[in-house]
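Asker: After the structure tokens below, expect a handful of questions from me.
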Amino acid sequence: MSKGLKIVTIGGGSSYTPELIEGFIKYHEELPVSEIWLVDIEAGKEKLEIVGDLARRMIEKAGVNIEVHLTLDRKKALKNADYVTTQLRVGQLAARALDEKIPLKHGVIGQETNGPGGLFKAFRTIPVILDIAREMEEVCPDAWLINFTNPAGMVTEAVLRHSNITKIIGLCNVPIGMERGVADLMGVEPSRVRIDFAGLNHMVYGLDVFVDGESVKDQIIKLITDPAKAVTMKNIHAMGWEPEFLKALNLFPCPYHNYYYKTGDVLAQELKDAENGETRAEVVQRLEAELFELYKDKDLAIKPPQLEERGGAYYSDAAVRLIRSMHTDKCDIQAVNTINQGSIEGIPYESAIETSCVITKDGPKPINVGKLPVAVRGLIQQIKSFERVAIEAAVTGNYDTALLALTINPLVPSDRVAKLILDEMLEAHKDYLPQFFEEKELQD
Ligand code: G6P
């Protein structure tokens, strides 16, 4: 019998881990995983043990043969891995709270993957992911890196352009969430829905939407104008759309488009939430505490339904479906973040895009999109420019490049405001941004 697969999950102490374990249990027959290594850092040790125990109980209850290993030794875990998944959060939720709150003080949206928050999450995360890529090159050069860590598009592109790893896929639950949203609106099973996706991570559009192969895009575009029927995620308030706008756009926007097409409304809502102690980081901090209390219960051996209150709900379906299709060379279509290779015109060849791909054993093959509609082409290119400059700043730690990135972000009103936010955030996140401070300290 051939050896089963070795999966390594970095950030294994995350409250999302039971999601992933549930997926590996569900698809165990098609995807013969034999070992899951959950890796975390010293500060996450307690959570790792709680989540690891729950994972073991879930596996035992399901009666599948998967060994769960817990470790703080990342390199040891990575050795001979087949698939490495990353779900880490540098600075944990306390850093996210700063990403959300500091921009708000300056009248700018505070969000963990958009605007200044997204920029700083990239600054904290990219060097760590590049370290992981270097270790993988050494001890598991044939493994695939499946990255969930946000900002997933920028992290994927940073690995593609600044490491020797080519086997990287960025994965997000937004596409699968949009498919499930359509399924709910149409009263059908999600497997009957197909969406042709194109764009960037958290900036992806449905170019067309099908149920059983028939386009339902016009219907969906009408339905989602009603806030009660908006297709969204737990972390984004449902707001609805102006019907004439959406009809003219003629695309199915993702929940994150609220930040760009309803900037003022979202900002007002965020300011209200902040006043009530309800920023997303605060909500998630409370939810996490509740989840970890549940996870400690020795009688719990399933993923608790409360986990579906997180924005990343169902990401295991996306993850396990992807790994299964690669392992079995299924050649089905899934939306992932991968190298453009000319499939979207106007985006650099080597950049990461989020798009519908054929999933093969050799990885995702993007389906050709060609030109995007003119109304969205500019925004996508502007976000891509922001991402590229942001990655350069994350890698070099250059202050001026960081200011350039922040100023060209569409959510930031001026270079002056950008500088105020940048200075305050650099100071607040200092401990996690050695690339911006080490050289300066040497010069002093
Ligand atoms: C969405 C996004 C994820 C993000 C999550 C945040 O689902 O697609 O990229 O991590 O929301 O959820 P949270 O519960 O942490 O606010």
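Identifiers in the structure tokens: chain A, B, ... in order shown; residue index from 1 per chain; ligand index from 1 in order shown.
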Using only C-alpha atoms, determine which residues lie at most 9 Å from Asp329 (chain A), disregarding the query and same-chain residues fewer than 2 positions distant; provide the list as a PDB file with C-alpha atoms, in the first residue's frame.
Answerer:
ATOM      1  CA  ARG A 324      -8.062  16.347  -3.401  1.00  0.00           C
ATOM      2  CA  SER A 325      -8.289  17.594  -6.992  1.00  0.00           C
ATOM      3  CA  MET A 326      -4.517  17.988  -7.206  1.00  0.00           C
ATOM      4  CA  HIS A 327      -3.902  14.595  -5.667  1.00  0.00           C
ATOM      5  CA  CYS A 331      -9.170  18.646 -13.640  1.00  0.00           C
ATOM      6  CA  ASP A 332     -12.253  20.331 -12.186  1.00  0.00           C
ATOM      7  CA  ILE A 359      -7.010  21.997 -11.022  1.00  0.00           C
ATOM      8  CA  THR A 360      -4.512  19.371 -12.140  1.00  0.00           C
ATOM      9  CA  LYS A 361      -1.815  17.325 -10.435  1.00  0.00           C
ATOM     10  CA  ASP A 362       0.657  19.942 -11.650  1.00  0.00           C
ATOM     11  CA  GLY A 363      -1.326  22.729 -10.018  1.00  0.00           C
TER      12      GLY A 363
END
Asker: Quick one: residues within 8 Å of ligand 1, with only C-alpha atoms and all ligand atoms, as a VMD selection string?
Answerer: chain A and resid 113 148 to 152 172 to 174 177 202 233 to 236 280 to 281 284 309 to 313 315
Asker: Identify, on the basis of only C-alpha atoms, every residue whose closest approach to Leu31 (chain A) does not exceed 10 Å; exclude the query and any residue fewer than 4 positions from it along the same chain; express the result as a ChimeraX atom specification.
Answerer: /A:4-5,24-27,320-321,323-328
Asker: For each of A:Glu138, A:Glu293, A:Glu100, A:Asp218, take the minimum atom-to-atom distance to Thr279 (chain A), counting only C-alpha atoms, then give the residue where this is smallest.
Answerer: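 Going through A:Glu138, A:Glu293, A:Glu100, A:Asp218 one by one, the smallest distance to Thr279 (chain A) is for A:Glu100.
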Asker: What's the 12 Å shell around Ile36 (chain A), counting only C-alpha atoms, without same-chain residues fewer than 4 positions away, as number ranges by chain?
Answerer: A: 4-10, 12, 17, 20-21, 24-25, 32, 52, 55-56, 59, 65-71, 77-78, 81-85
Asker: Show which residues sit within 12 Å of Asp99 (chain A), as a PyMOL selection string. Count only C-alpha atoms, and ignore same-chain residues fewer than 2 positions away.
Answerer: chain A and resi 91-97+101-105+108-124+279-282+421-422+424-426+428-429
Asker: As number ranges by chain, please: every residue in region 136-316 of chain A that a backbone DSSP assignment puts in helix (DSSP H, G or I).
Answerer: A: 136-139, 152-162, 174-186, 190-192, 217-223, 227-229, 243-249, 255-261, 263-275, 280-295, 305-309, 315-316
